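Listing of target_1.csv, CSV, C-alpha atoms
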chain,number,residue,atom,x,y,z
A,1,MET,CA,-30.0,15.7,-9.6
A,2,THR,CA,-27.8,16.9,-12.6
A,3,ALA,CA,-24.1,16.9,-12.9
A,4,GLU,CA,-24.2,20.7,-13.0
A,5,ALA,CA,-25.8,20.7,-9.5
A,6,TRP,CA,-22.8,19.0,-7.9
A,7,SER,CA,-20.7,21.1,-5.5
A,8,PRO,CA,-19.2,18.3,-3.4
A,9,VAL,CA,-17.8,18.8,0.0
A,10,LEU,CA,-14.7,16.6,0.4
A,11,LEU,CA,-15.2,14.5,3.5
A,12,GLY,CA,-13.4,11.4,4.8
A,13,LEU,CA,-15.9,8.7,6.0
A,14,ARG,CA,-14.9,6.5,8.9
A,15,LEU,CA,-16.5,3.2,7.9
A,16,ARG,CA,-14.7,0.7,10.1
A,17,GLY,CA,-17.2,-1.6,11.7
A,18,ARG,CA,-20.1,0.0,9.9
A,19,ARG,CA,-22.6,-1.6,7.5
A,20,VAL,CA,-22.3,-0.8,3.8
A,21,VAL,CA,-24.6,-2.3,1.2
A,22,ALA,CA,-23.4,-2.8,-2.4
A,23,VAL,CA,-26.1,-3.6,-4.9
A,24,GLY,CA,-24.8,-5.5,-8.0
A,25,GLY,CA,-22.4,-8.3,-8.4
A,26,GLY,CA,-20.1,-7.2,-11.2
A,27,ALA,CA,-16.5,-5.9,-11.6
A,28,VAL,CA,-17.4,-2.3,-10.7
A,29,THR,CA,-18.8,-3.4,-7.4
A,30,ALA,CA,-15.8,-5.7,-6.8
A,31,ARG,CA,-13.4,-2.8,-7.1
A,32,ARG,CA,-15.4,-0.6,-4.7
A,33,VAL,CA,-15.9,-3.5,-2.2
A,34,THR,CA,-12.2,-4.1,-2.1
A,35,ASP,CA,-11.7,-0.5,-1.1
A,36,LEU,CA,-14.4,-0.6,1.5
A,37,LEU,CA,-13.0,-3.7,3.0
A,38,ALA,CA,-9.6,-2.1,3.3
A,39,GLU,CA,-11.3,0.7,5.3
A,40,GLY,CA,-12.8,-2.0,7.7
A,41,ALA,CA,-16.4,-1.7,6.5
A,42,LEU,CA,-18.9,-4.5,7.0
A,43,VAL,CA,-20.0,-5.1,3.5
A,44,GLU,CA,-23.2,-6.9,2.2
A,45,VAL,CA,-23.6,-7.5,-1.5
A,46,VAL,CA,-27.1,-7.9,-2.9
A,47,ALA,CA,-27.0,-9.6,-6.3
A,48,PRO,CA,-28.3,-12.8,-7.9
A,49,GLU,CA,-24.8,-13.6,-9.1
A,50,LEU,CA,-21.2,-12.6,-8.2
A,51,CYS,CA,-18.2,-12.0,-10.4
A,52,PRO,CA,-15.2,-14.2,-9.5
A,53,GLY,CA,-13.6,-11.5,-7.4
A,54,LEU,CA,-16.7,-11.0,-5.2
A,55,ALA,CA,-17.4,-14.8,-5.1
A,56,ALA,CA,-13.9,-15.3,-3.7
A,57,LEU,CA,-14.5,-12.7,-1.0
A,58,ALA,CA,-17.9,-14.3,-0.1
A,59,GLU,CA,-16.4,-17.8,0.1
A,60,ALA,CA,-13.7,-16.5,2.4
A,61,GLY,CA,-16.3,-14.9,4.6
A,62,GLN,CA,-15.1,-11.3,4.0
A,63,ILE,CA,-18.4,-10.2,2.7
A,64,ARG,CA,-22.0,-11.2,3.3
A,65,TRP,CA,-23.9,-12.1,0.1
A,66,THR,CA,-27.7,-11.9,-0.3
A,67,ALA,CA,-28.2,-14.0,-3.5
A,68,ARG,CA,-31.1,-12.3,-5.2
A,69,ARG,CA,-32.1,-9.1,-6.9
A,70,TYR,CA,-32.6,-5.9,-5.0
A,71,ALA,CA,-36.0,-6.1,-3.1
A,72,GLY,CA,-36.5,-2.6,-1.8
A,73,SER,CA,-35.5,-0.3,1.1
A,74,ALA,CA,-35.5,-3.1,3.6
A,75,ASP,CA,-32.2,-4.3,2.0
A,76,LEU,CA,-30.6,-0.9,3.0
A,77,GLU,CA,-31.7,-0.9,6.6
A,78,GLY,CA,-29.0,0.1,9.0
A,79,ALA,CA,-26.5,1.0,6.2
A,80,TRP,CA,-24.3,4.0,6.6
A,81,LEU,CA,-23.5,4.0,2.8
A,82,VAL,CA,-25.0,2.4,-0.3
A,83,HIS,CA,-23.3,1.7,-3.6
A,84,THR,CA,-25.3,0.6,-6.6
A,85,ALA,CA,-23.8,-0.7,-9.9
A,86,THR,CA,-26.3,-3.2,-11.3
A,87,GLY,CA,-25.9,-2.2,-15.0
A,88,HIS,CA,-29.7,-1.4,-15.1
A,89,PRO,CA,-30.5,2.3,-14.8
A,90,THR,CA,-34.0,1.6,-13.5
A,91,THR,CA,-32.8,-0.5,-10.6
A,92,ASP,CA,-30.0,1.9,-9.8
A,93,ASP,CA,-32.5,4.8,-9.7
A,94,LEU,CA,-34.7,2.8,-7.4
A,95,VAL,CA,-31.8,2.1,-5.0
A,96,ALA,CA,-30.8,5.7,-5.0
A,97,ALA,CA,-34.4,6.8,-4.3
A,98,ASP,CA,-34.8,4.4,-1.5
A,99,ALA,CA,-31.5,5.5,0.0
A,100,GLU,CA,-32.6,9.1,-0.2
A,101,ARG,CA,-35.9,8.3,1.5
A,102,ILE,CA,-34.1,6.8,4.5
A,103,ARG,CA,-31.4,9.5,4.5
A,104,THR,CA,-28.5,7.2,3.6
A,105,PHE,CA,-25.9,8.5,1.2
A,106,CYS,CA,-25.8,6.5,-2.1
A,107,VAL,CA,-23.2,6.2,-4.9
A,108,THR,CA,-24.6,5.3,-8.3
A,109,ALA,CA,-21.7,4.0,-10.4
A,110,GLY,CA,-23.5,4.1,-13.7
A,111,ASP,CA,-24.3,7.9,-13.5
A,112,GLY,CA,-22.8,9.6,-10.5
A,113,SER,CA,-25.1,12.6,-10.8
A,114,ARG,CA,-28.1,10.5,-9.9
A,115,GLY,CA,-26.9,9.5,-6.4
A,116,SER,CA,-26.3,11.6,-3.3
A,117,ALA,CA,-22.6,10.8,-3.1
A,118,GLN,CA,-19.7,10.4,-5.5
A,119,VAL,CA,-16.4,8.5,-5.2
A,120,PRO,CA,-13.5,10.8,-6.2
A,121,ALA,CA,-10.6,9.9,-8.3
A,122,ARG,CA,-8.0,8.8,-5.7
A,123,GLY,CA,-4.3,8.3,-5.6
A,124,GLU,CA,-1.8,7.3,-3.0
A,125,VAL,CA,1.8,8.4,-2.5
A,126,PRO,CA,3.8,6.2,-0.1
A,127,THR,CA,6.3,8.0,2.2
A,128,PRO,CA,8.5,6.6,4.9
A,129,THR,CA,6.2,8.0,7.6
A,130,GLY,CA,2.8,7.0,6.1
A,131,THR,CA,0.7,7.3,3.0
A,132,VAL,CA,-0.4,10.6,1.5
A,133,ARG,CA,-3.8,10.2,-0.2
A,134,VAL,CA,-5.2,12.5,-3.0
A,135,ALA,CA,-8.9,12.8,-3.8
A,136,VAL,CA,-10.2,14.8,-6.8
A,137,HIS,CA,-13.8,15.7,-7.7
A,138,ALA,CA,-14.3,17.4,-11.1
A,139,GLY,CA,-18.0,18.3,-11.3
A,140,GLY,CA,-19.1,14.8,-12.1
A,141,ASP,CA,-16.5,14.2,-14.9
A,142,PRO,CA,-14.6,11.1,-13.9
A,143,ARG,CA,-12.1,11.3,-16.8
A,144,ARG,CA,-11.1,14.9,-15.9
A,145,ALA,CA,-10.9,14.0,-12.2
A,146,ALA,CA,-8.6,11.0,-13.1
A,147,ALA,CA,-6.3,13.3,-15.2
A,148,VAL,CA,-6.0,15.9,-12.4
A,149,ARG,CA,-5.4,13.1,-9.9
A,150,ASN,CA,-2.5,11.8,-12.1
A,151,GLU,CA,-0.9,15.2,-12.3
A,152,LEU,CA,-1.1,15.7,-8.6
A,153,VAL,CA,0.4,12.3,-7.8
A,154,ASP,CA,3.2,13.1,-10.3
A,155,GLN,CA,3.9,16.4,-8.6
A,156,LEU,CA,3.9,14.8,-5.1
A,157,THR,CA,6.4,12.1,-6.2
A,158,SER,CA,8.7,14.6,-8.0
A,159,GLY,CA,10.7,15.5,-4.9
A,160,VAL,CA,9.6,19.2,-5.2
A,161,ILE,CA,7.0,19.1,-2.4
A,162,ASP,CA,8.0,18.5,1.2
A,163,LEU,CA,6.3,15.3,2.2
A,164,ARG,CA,7.9,14.9,5.6
A,165,ASP,CA,5.9,14.1,8.7
A,166,HIS,CA,7.6,16.1,11.4
A,167,ARG,CA,6.1,14.1,14.3
A,168,PRO,CA,8.8,12.0,16.0
A,169,ARG,CA,8.6,8.5,14.5
A,170,GLY,CA,12.2,7.4,14.6
A,171,GLY,CA,14.9,7.5,12.0
A,172,TRP,CA,15.3,5.6,8.7
A,173,VAL,CA,17.7,5.3,5.9
A,174,ALA,CA,17.1,4.9,2.2
A,175,LEU,CA,19.9,4.0,-0.2
A,176,VAL,CA,18.7,5.7,-3.4
A,177,GLY,CA,20.1,5.5,-6.9
A,178,ALA,CA,20.1,8.8,-8.7
A,179,GLY,CA,20.5,7.3,-12.1
A,180,PRO,CA,23.1,8.2,-14.7
A,181,GLY,CA,22.8,12.0,-14.6
A,182,ALA,CA,19.6,13.1,-16.2
A,183,GLU,CA,17.2,14.3,-13.5
A,184,GLN,CA,14.2,12.9,-15.5
A,185,LEU,CA,15.6,9.4,-15.0
A,186,LEU,CA,15.2,9.5,-11.3
A,187,THR,CA,12.5,7.0,-10.1
A,188,ARG,CA,9.3,8.1,-8.5
A,189,ARG,CA,10.1,6.3,-5.3
A,190,ALA,CA,13.4,8.1,-5.2
A,191,SER,CA,11.7,11.5,-5.6
A,192,THR,CA,9.2,10.7,-2.9
A,193,LEU,CA,12.0,9.8,-0.4
A,194,LEU,CA,13.9,12.9,-1.2
A,195,ALA,CA,10.9,15.0,-0.5
A,196,ALA,CA,10.5,13.2,2.9
A,197,ALA,CA,14.2,13.3,4.0
A,198,ASP,CA,15.6,15.4,6.8
A,199,VAL,CA,19.2,14.7,5.6
A,200,VAL,CA,20.6,13.8,2.2
A,201,VAL,CA,24.1,12.3,2.1
A,202,THR,CA,25.2,12.7,-1.5
A,203,ASP,CA,28.1,12.1,-3.9
A,204,ARG,CA,29.5,14.2,-6.7
A,205,LEU,CA,27.7,12.4,-9.6
A,206,VAL,CA,24.2,13.4,-8.4
A,207,PRO,CA,22.5,16.1,-10.6
A,208,GLN,CA,22.9,19.4,-8.8
A,209,ALA,CA,19.5,20.7,-10.0
A,210,MET,CA,18.0,17.8,-8.0
A,211,LEU,CA,19.6,19.0,-4.8
A,212,ALA,CA,18.7,22.6,-5.5
A,213,ARG,CA,15.0,21.8,-5.4
A,214,LEU,CA,15.1,20.0,-2.1
A,215,PRO,CA,13.1,21.7,0.7
A,216,GLY,CA,15.1,24.5,2.3
A,217,SER,CA,15.2,22.7,5.7
A,218,THR,CA,16.8,19.6,4.2
A,219,ARG,CA,20.4,19.3,5.2
A,220,VAL,CA,22.8,18.1,2.5
A,221,ILE,CA,26.1,16.4,3.4
A,222,ASP,CA,28.5,16.0,0.5
A,223,VAL,CA,30.8,12.9,0.8
A,224,GLY,CA,31.7,12.8,-2.8
A,225,LYS,CA,34.7,10.8,-3.9
A,226,ARG,CA,37.0,11.7,-6.8
A,227,PRO,CA,39.6,9.7,-8.5
A,228,GLN,CA,42.6,9.2,-6.1
A,229,HIS,CA,40.8,11.5,-3.6
A,230,HIS,CA,38.5,10.1,-1.0
A,231,PRO,CA,38.0,12.9,1.6
A,232,VAL,CA,35.4,10.9,3.5
A,233,PRO,CA,36.3,7.2,3.8
A,234,GLN,CA,33.6,4.7,3.4
A,235,GLU,CA,33.6,3.7,7.0
A,236,GLU,CA,32.9,7.3,8.0
A,237,ILE,CA,30.1,7.5,5.4
A,238,ASN,CA,28.5,4.5,7.0
A,239,GLN,CA,28.9,6.1,10.4
A,240,ILE,CA,27.3,9.4,9.2
A,241,ILE,CA,24.1,7.8,7.8
A,242,VAL,CA,23.7,5.5,10.9
A,243,GLU,CA,24.2,8.4,13.4
A,244,GLU,CA,21.8,10.7,11.6
A,245,ALA,CA,19.1,8.0,11.6
A,246,LEU,CA,19.7,7.2,15.3
A,247,ARG,CA,19.0,10.9,16.0
A,248,GLY,CA,15.6,10.4,14.5
A,249,HIS,CA,16.2,11.8,11.1
A,250,GLY,CA,15.0,10.4,7.7
A,251,VAL,CA,18.2,9.9,5.7
A,252,VAL,CA,18.6,9.5,2.0
A,253,ARG,CA,22.0,8.3,0.9
A,254,LEU,CA,21.9,9.5,-2.7
A,255,LYS,CA,24.3,7.9,-5.1
A,256,GLY,CA,24.9,8.2,-8.8
A,257,GLY,CA,23.7,5.3,-10.9
A,258,ASP,CA,22.6,2.3,-8.8
A,259,PRO,CA,23.7,1.9,-5.2
A,260,TYR,CA,24.3,-1.9,-5.7
A,261,VAL,CA,26.4,-1.6,-8.9
A,262,LEU,CA,30.0,-0.9,-7.7
A,263,GLY,CA,28.5,1.7,-5.3
A,264,ARG,CA,29.2,0.0,-2.0
A,265,GLY,CA,25.5,0.1,-1.2
A,266,GLY,CA,25.7,-3.4,0.3
A,267,GLU,CA,28.2,-2.1,2.9
A,268,GLU,CA,26.0,0.8,3.8
A,269,ARG,CA,22.9,-1.4,4.2
A,270,ALA,CA,24.9,-3.8,6.4
A,271,ALA,CA,26.0,-0.9,8.6
A,272,CYS,CA,22.4,0.2,9.1
A,273,GLU,CA,21.1,-3.3,9.8
A,274,ALA,CA,23.9,-3.8,12.4
A,275,ALA,CA,22.7,-0.7,14.2
A,276,ASP,CA,19.0,-1.8,13.9
A,277,VAL,CA,18.2,1.2,11.7
A,278,PRO,CA,15.4,0.7,9.2
A,279,VAL,CA,16.9,0.7,5.7
A,280,GLU,CA,15.4,0.6,2.2
A,281,VAL,CA,17.2,0.2,-1.1
A,282,VAL,CA,15.8,2.1,-4.1
A,283,PRO,CA,17.4,1.0,-7.4
A,284,GLY,CA,18.7,3.5,-9.8
A,285,ILE,CA,19.3,3.3,-13.5
A,286,THR,CA,22.9,2.1,-13.6
A,287,SER,CA,25.4,4.1,-15.7
A,288,ALA,CA,27.0,0.8,-16.7
A,289,VAL,CA,24.1,0.2,-19.1
A,290,SER,CA,22.4,3.5,-19.6
A,291,VAL,CA,25.5,5.7,-20.4
A,292,PRO,CA,26.6,3.4,-23.3
A,293,ALA,CA,22.9,3.4,-24.5
A,294,ALA,CA,23.0,7.2,-24.6
A,295,ALA,CA,25.8,7.0,-27.1
A,296,GLY,CA,24.0,4.3,-29.2
A,297,ILE,CA,25.9,1.4,-27.7
A,298,PRO,CA,23.8,-1.5,-26.4
A,299,VAL,CA,25.7,-3.8,-24.0
A,300,THR,CA,24.1,-6.8,-25.7
A,301,HIS,CA,23.0,-7.1,-29.3
A,302,ARG,CA,21.9,-10.1,-31.4
A,303,GLY,CA,24.8,-11.3,-33.5
A,304,LEU,CA,27.4,-9.1,-31.7
A,305,ALA,CA,27.2,-9.8,-27.9
A,306,ARG,CA,25.1,-12.1,-25.7
A,307,GLY,CA,26.6,-11.0,-22.4
A,308,PHE,CA,28.5,-8.3,-20.6
A,309,THR,CA,30.6,-7.8,-17.5
A,310,VAL,CA,31.0,-4.6,-15.4
A,311,VAL,CA,34.3,-4.0,-13.6
A,312,THR,CA,36.3,-1.1,-12.2
A,313,GLY,CA,39.4,-1.8,-14.3
A,314,HIS,CA,41.7,-3.2,-11.7
A,315,GLU,CA,42.7,-6.7,-10.7
A,316,GLU,CA,39.6,-8.3,-12.2
A,317,LEU,CA,40.7,-7.8,-15.8
A,318,PRO,CA,42.9,-10.9,-16.5
A,319,GLY,CA,40.2,-13.4,-15.7
A,320,LEU,CA,37.5,-11.9,-18.0
A,321,PRO,CA,36.3,-13.4,-21.3
A,322,THR,CA,38.6,-12.4,-24.1
A,323,GLY,CA,36.2,-12.6,-27.1
A,324,THR,CA,35.0,-9.4,-28.7
A,325,ASP,CA,31.5,-10.8,-28.5
A,326,HIS,CA,31.5,-10.4,-24.7
A,327,THR,CA,31.0,-6.7,-23.8
A,328,LEU,CA,33.2,-5.3,-21.1
A,329,VAL,CA,32.0,-2.1,-19.3
A,330,VAL,CA,34.7,-0.4,-17.2
A,331,LEU,CA,33.6,2.2,-14.6
A,332,MET,CA,36.0,4.6,-13.1
A,333,GLY,CA,38.5,3.6,-15.8
A,334,VAL,CA,39.8,6.8,-17.3
A,335,ALA,CA,42.9,7.3,-15.1
A,336,GLY,CA,44.1,3.8,-15.8
A,337,LEU,CA,42.9,3.5,-19.4
A,338,ARG,CA,46.3,2.9,-21.0
A,339,GLU,CA,47.2,0.2,-18.5
A,340,THR,CA,43.7,-1.4,-18.8
A,341,ALA,CA,43.9,-1.6,-22.6
A,342,ALA,CA,47.4,-3.1,-22.4
A,343,ARG,CA,46.3,-5.7,-19.9
A,344,LEU,CA,43.3,-6.7,-21.9
A,345,VAL,CA,45.4,-7.2,-25.0
A,346,ALA,CA,47.9,-9.2,-22.9
A,347,ALA,CA,45.1,-11.3,-21.6
A,348,GLY,CA,44.0,-12.3,-25.1
A,349,ARG,CA,41.7,-9.6,-26.5
A,350,PRO,CA,42.6,-8.5,-30.0
A,351,ALA,CA,44.3,-5.1,-30.4
A,352,ASP,CA,41.7,-4.1,-32.9
A,353,CYS,CA,38.8,-4.7,-30.5
A,354,PRO,CA,36.5,-1.6,-30.6
A,355,VAL,CA,36.4,0.7,-27.6
A,356,GLY,CA,34.1,3.6,-26.8
A,357,ILE,CA,34.4,6.1,-24.0
A,358,VAL,CA,31.3,8.1,-23.0
A,359,GLU,CA,31.8,11.1,-20.8
A,360,ASN,CA,29.1,12.9,-18.8
A,361,GLY,CA,26.4,10.6,-20.0
A,362,TRP,CA,22.9,11.9,-20.3
A,363,THR,CA,24.0,15.5,-19.9
A,364,PRO,CA,24.4,18.3,-22.4
A,365,GLN,CA,28.2,17.8,-22.1
A,366,GLN,CA,28.0,14.2,-23.2
A,367,ARG,CA,30.8,13.2,-25.6
A,368,THR,CA,31.9,9.9,-27.1
A,369,THR,CA,35.4,9.0,-28.1
A,370,LEU,CA,35.8,5.9,-30.3
A,371,GLY,CA,38.8,3.7,-31.1
A,372,THR,CA,40.4,0.3,-30.5
A,373,LEU,CA,42.4,-1.2,-27.7
A,374,ALA,CA,45.5,-0.4,-29.7
A,375,ASP,CA,44.9,3.4,-29.9
A,376,ILE,CA,42.1,4.4,-27.5
A,377,ALA,CA,44.5,5.7,-24.8
A,378,ASP,CA,46.2,8.0,-27.4
A,379,ARG,CA,42.9,9.2,-28.7
A,380,ALA,CA,41.6,9.9,-25.2
A,381,GLU,CA,44.7,12.0,-24.4
A,382,ARG,CA,44.4,13.9,-27.6
A,383,VAL,CA,40.8,15.1,-26.9
A,384,GLY,CA,41.2,15.4,-23.2
A,385,VAL,CA,38.9,12.7,-21.9
A,386,ALA,CA,38.1,13.1,-18.2
A,387,SER,CA,35.9,11.4,-15.6
A,388,PRO,CA,33.1,10.8,-15.1
A,389,ALA,CA,33.1,8.4,-18.0
A,390,VAL,CA,32.2,4.9,-18.9
A,391,VAL,CA,34.5,2.7,-21.1
A,392,VAL,CA,32.9,0.1,-23.3
A,393,VAL,CA,35.0,-2.7,-24.9
A,394,GLY,CA,33.6,-5.1,-27.6
A,395,ASP,CA,32.0,-5.4,-30.9
A,396,VAL,CA,28.9,-3.6,-29.8
A,397,VAL,CA,30.8,-0.3,-29.9
A,398,THR,CA,30.5,-0.4,-33.7
A,399,LEU,CA,26.9,0.5,-33.2
A,400,ALA,CA,27.8,3.8,-31.6
A,401,HIS,CA,26.6,7.1,-33.0
A,402,GLY,CA,29.5,8.3,-35.2
A,403,TRP,CA,31.3,5.0,-35.6
A,404,GLY,CA,33.3,5.2,-38.8
A,405,ALA,CA,33.3,9.0,-39.0
A,406,GLU,CA,36.5,10.7,-40.0
A,407,VAL,CA,35.9,14.1,-38.3
A,408,SER,CA,34.8,15.2,-34.9
A,409,VAL,CA,31.2,16.2,-34.4
A,410,VAL,CA,30.8,19.0,-31.9
A,411,ALA,CA,27.3,19.9,-30.7
A,412,PRO,CA,27.4,21.7,-27.3
A,413,ALA,CA,23.7,21.2,-26.6
A,414,ALA,CA,23.8,17.5,-27.4
A,415,PRO,CA,26.2,14.6,-27.2
A,416,SER,CA,29.3,14.9,-29.3
A,417,VAL,CA,31.6,12.3,-30.9
A,418,ALA,CA,35.3,12.5,-30.9
A,419,VAL,CA,37.2,10.2,-33.4
A,420,ALA,CA,40.6,10.1,-34.9

I'd like the structure from this file rewritten - as structure tokens, please.
Amino acid sequence: MTAEAWSPVLLGLRLRGRRVVAVGGGAVTARRVTDLLAEGALVEVVAPELCPGLAALAEAGQIRWTARRYAGSADLEGAWLVHTATGHPTTDDLVAADAERIRTFCVTAGDGSRGSAQVPARGEVPTPTGTVRVAVHAGGDPRRAAAVRNELVDQLTSGVIDLRDHRPRGGWVALVGAGPGAEQLLTRRASTLLAAADVVVTDRLVPQAMLARLPGSTRVIDVGKRPQHHPVPQEEINQIIVEEALRGHGVVRLKGGDPYVLGRGGEERAACEAADVPVEVVPGITSAVSVPAAAGIPVTHRGLARGFTVVTGHEELPGLPTGTDHTLVVLMGVAGLRETAARLVAAGRPADCPVGIVENGWTPQQRTTLGTLADIADRAERVGVASPAVVVVGDVVTLAHGWGAEVSVVAPAAPSVAVA
């Protein structure tokens, strides 16, 4: 049988409780046996020796081991499926021929075209209501099949495809970090959950393009907070996500950055647990670290800073380290910037300590304003700095793109730098 003759019919085999024979004791057999055991098959391995993985399975009683070379069709008696991977083409051909004679499907790992069955390139996409499995055949070309499989899995985890299982299974909540603003920085798990959600409870820092590509039937509830304006109190947000889940809906609470970095995700998780609602936390790339990085500012750097602190710019400031070699990242700090700078100087930070403000990180509107504690408030007012923005204080700011420049660099399609 040649590779060109293959026109496979994709079937799912129910192997639980059924005999499968694997000929050969190497790593290829070990990988396949692991999959077969996961499906509940009763596996016998025929081989004079076993690789460590198979030996461990035999010792644990999970497989039966016939410790000799393949002896003929009697070894295959009663098998629903045969897999051969001996590394010897002559032996593999003999196993395939014997399986053909007794009308048992056979996979030949060394050359898939020589058997009567092939194993597709497979992938799995976990969803809150079960696992979606992908299987790809590509005319006997395993590399091409694997490449197509990878593309399909990427698409399924992108959030574009509706992965919801509409059978009633009870509600759930996922507290999902949307990252700093660039849609490409959303995690695969986050994309999968978005595609599976019935309801998305979102804030204002979530990329709008991400919401626009949700399935049309997904309901979006905007509870976004703005500086000095909280139209939906946190207690009410907690109540919304719990009530939606108790109605049997899959709920994604989508938050900018990471839900556990000054995002009150812990409170939302506690509210779900108190109501016995299944809840999952999906980390996001926190803006506290990634937004400074987008402007060329690492929060730690050998010789400049060995640690950093993230605060919101309020009562925490007086007790923080005062050395410029300890980086301070201030979130939601634009409105109180002048007071924050003054309090840091009063607490012991030098007035000439470098400061950077990065607005709209990871978007085409990103802009960086650079200065010191002594003048950053005036510079910010001069160029009209507005939230969302991340303020970075410390020596690492001197590594920012544009530090030391004497003019403003304006590039609408890329991050810009505003200096004195």

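Counting all atoms listed in the file, the residue from A:Thr372, A:Ile357, A:Ala85, A:Ala135 that sits nearest to Gly123 in chain A is A:Ala135.
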
Using only C-alpha atoms, can you tell me which of A:Glu44, A:Asp276, A:Asp352, A:Glu39 comes closest to Val20 in chain A?
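Closest candidate: A:Glu44.
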
One decimal, in Å: what's the spacing between CA of Val242 in chain A and CA of Cys272 in chain A?
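Atom-to-atom, CA of Val242 in chain A and CA of Cys272 in chain A are spaced 5.7 Å apart.
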
So that I can check the surroundings of Leu373 in chain A, please list as a PDB file with C-alpha atoms, in the coordinates of the input every protein, DNA and RNA residue that reaches within 12 Å of it, counting only C-alpha atoms and ignoring chain neighbours fewer than 3 positions away.
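Listing of around.pdb after writing:
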ATOM      1  CA  THR A 324      35.000  -9.400 -28.700  1.00  0.00           C
ATOM      2  CA  LEU A 337      42.900   3.500 -19.400  1.00  0.00           C
ATOM      3  CA  ARG A 338      46.300   2.900 -21.000  1.00  0.00           C
ATOM      4  CA  GLU A 339      47.200   0.200 -18.500  1.00  0.00           C
ATOM      5  CA  THR A 340      43.700  -1.400 -18.800  1.00  0.00           C
ATOM      6  CA  ALA A 341      43.900  -1.600 -22.600  1.00  0.00           C
ATOM      7  CA  ALA A 342      47.400  -3.100 -22.400  1.00  0.00           C
ATOM      8  CA  ARG A 343      46.300  -5.700 -19.900  1.00  0.00           C
ATOM      9  CA  LEU A 344      43.300  -6.700 -21.900  1.00  0.00           C
ATOM     10  CA  VAL A 345      45.400  -7.200 -25.000  1.00  0.00           C
ATOM     11  CA  ALA A 346      47.900  -9.200 -22.900  1.00  0.00           C
ATOM     12  CA  GLY A 348      44.000 -12.300 -25.100  1.00  0.00           C
ATOM     13  CA  ARG A 349      41.700  -9.600 -26.500  1.00  0.00           C
ATOM     14  CA  PRO A 350      42.600  -8.500 -30.000  1.00  0.00           C
ATOM     15  CA  ALA A 351      44.300  -5.100 -30.400  1.00  0.00           C
ATOM     16  CA  ASP A 352      41.700  -4.100 -32.900  1.00  0.00           C
ATOM     17  CA  CYS A 353      38.800  -4.700 -30.500  1.00  0.00           C
ATOM     18  CA  PRO A 354      36.500  -1.600 -30.600  1.00  0.00           C
ATOM     19  CA  VAL A 355      36.400   0.700 -27.600  1.00  0.00           C
ATOM     20  CA  GLY A 356      34.100   3.600 -26.800  1.00  0.00           C
ATOM     21  CA  ILE A 357      34.400   6.100 -24.000  1.00  0.00           C
ATOM     22  CA  LEU A 370      35.800   5.900 -30.300  1.00  0.00           C
ATOM     23  CA  ILE A 376      42.100   4.400 -27.500  1.00  0.00           C
ATOM     24  CA  ALA A 377      44.500   5.700 -24.800  1.00  0.00           C
ATOM     25  CA  ASP A 378      46.200   8.000 -27.400  1.00  0.00           C
ATOM     26  CA  ARG A 379      42.900   9.200 -28.700  1.00  0.00           C
ATOM     27  CA  ALA A 380      41.600   9.900 -25.200  1.00  0.00           C
ATOM     28  CA  VAL A 391      34.500   2.700 -21.100  1.00  0.00           C
ATOM     29  CA  VAL A 392      32.900   0.100 -23.300  1.00  0.00           C
ATOM     30  CA  VAL A 393      35.000  -2.700 -24.900  1.00  0.00           C
ATOM     31  CA  GLY A 394      33.600  -5.100 -27.600  1.00  0.00           C
ATOM     32  CA  ASP A 395      32.000  -5.400 -30.900  1.00  0.00           C
ATOM     33  CA  VAL A 397      30.800  -0.300 -29.900  1.00  0.00           C
TER      34      VAL A 397
END

What's around Asp92 in chain A at 12 Å? Count only C-alpha atoms, leave out sequence neighbours fewer than 4 positions away in its own chain, and write the answer as a count of residues only.
27

Provide the CA of Ala147 in chain A to CA of Leu81 in chain A distance in Å, to one decimal place.
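CA of Leu81 in chain A lies 26.6 Å from CA of Ala147 in chain A.
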
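The smallest atom-to-atom distance between Gly303 in chain A and any of A:Leu399, A:Ala245, A:Val220, A:Ala182, using only C-alpha atoms, is found for A:Leu399.
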
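Distances here use all atoms listed in the file; by that measure, the residue among A:Val310, A:Ala58, A:Val119, A:Val396 closest to Asp35 in chain A is A:Val119.
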
Point out the residue among A:Ala389, A:Ala27, A:Val173, A:Ala117 with the least atom-to-atom distance to Ala271 in chain A, counting only C-alpha atoms.
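Between A:Ala389, A:Ala27, A:Val173, A:Ala117, the residue approaching Ala271 in chain A most closely is A:Val173.
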
Show me, as a VMD selection string, the residues that have an atom within 12 Å of Trp362 in chain A when counting only C-alpha atoms, minus same-chain residues fewer than 4 positions from it.
chain A and resid 179 to 185 205 207 257 285 to 287 289 to 296 358 366 to 368 388 to 390 413 to 416

Need the neighbours of (-12.5, -12.0, -8.2): which residues are at most 12 Å away, counting only C-alpha atoms, as a list in words?
Gly25, Gly26, Ala27, Val28, Thr29, Ala30, Arg31, Val33, Thr34, Leu50, Cys51, Pro52, Gly53, Leu54, Ala55, Ala56, Leu57, Ala58, Glu59 and Ala60 of chain A
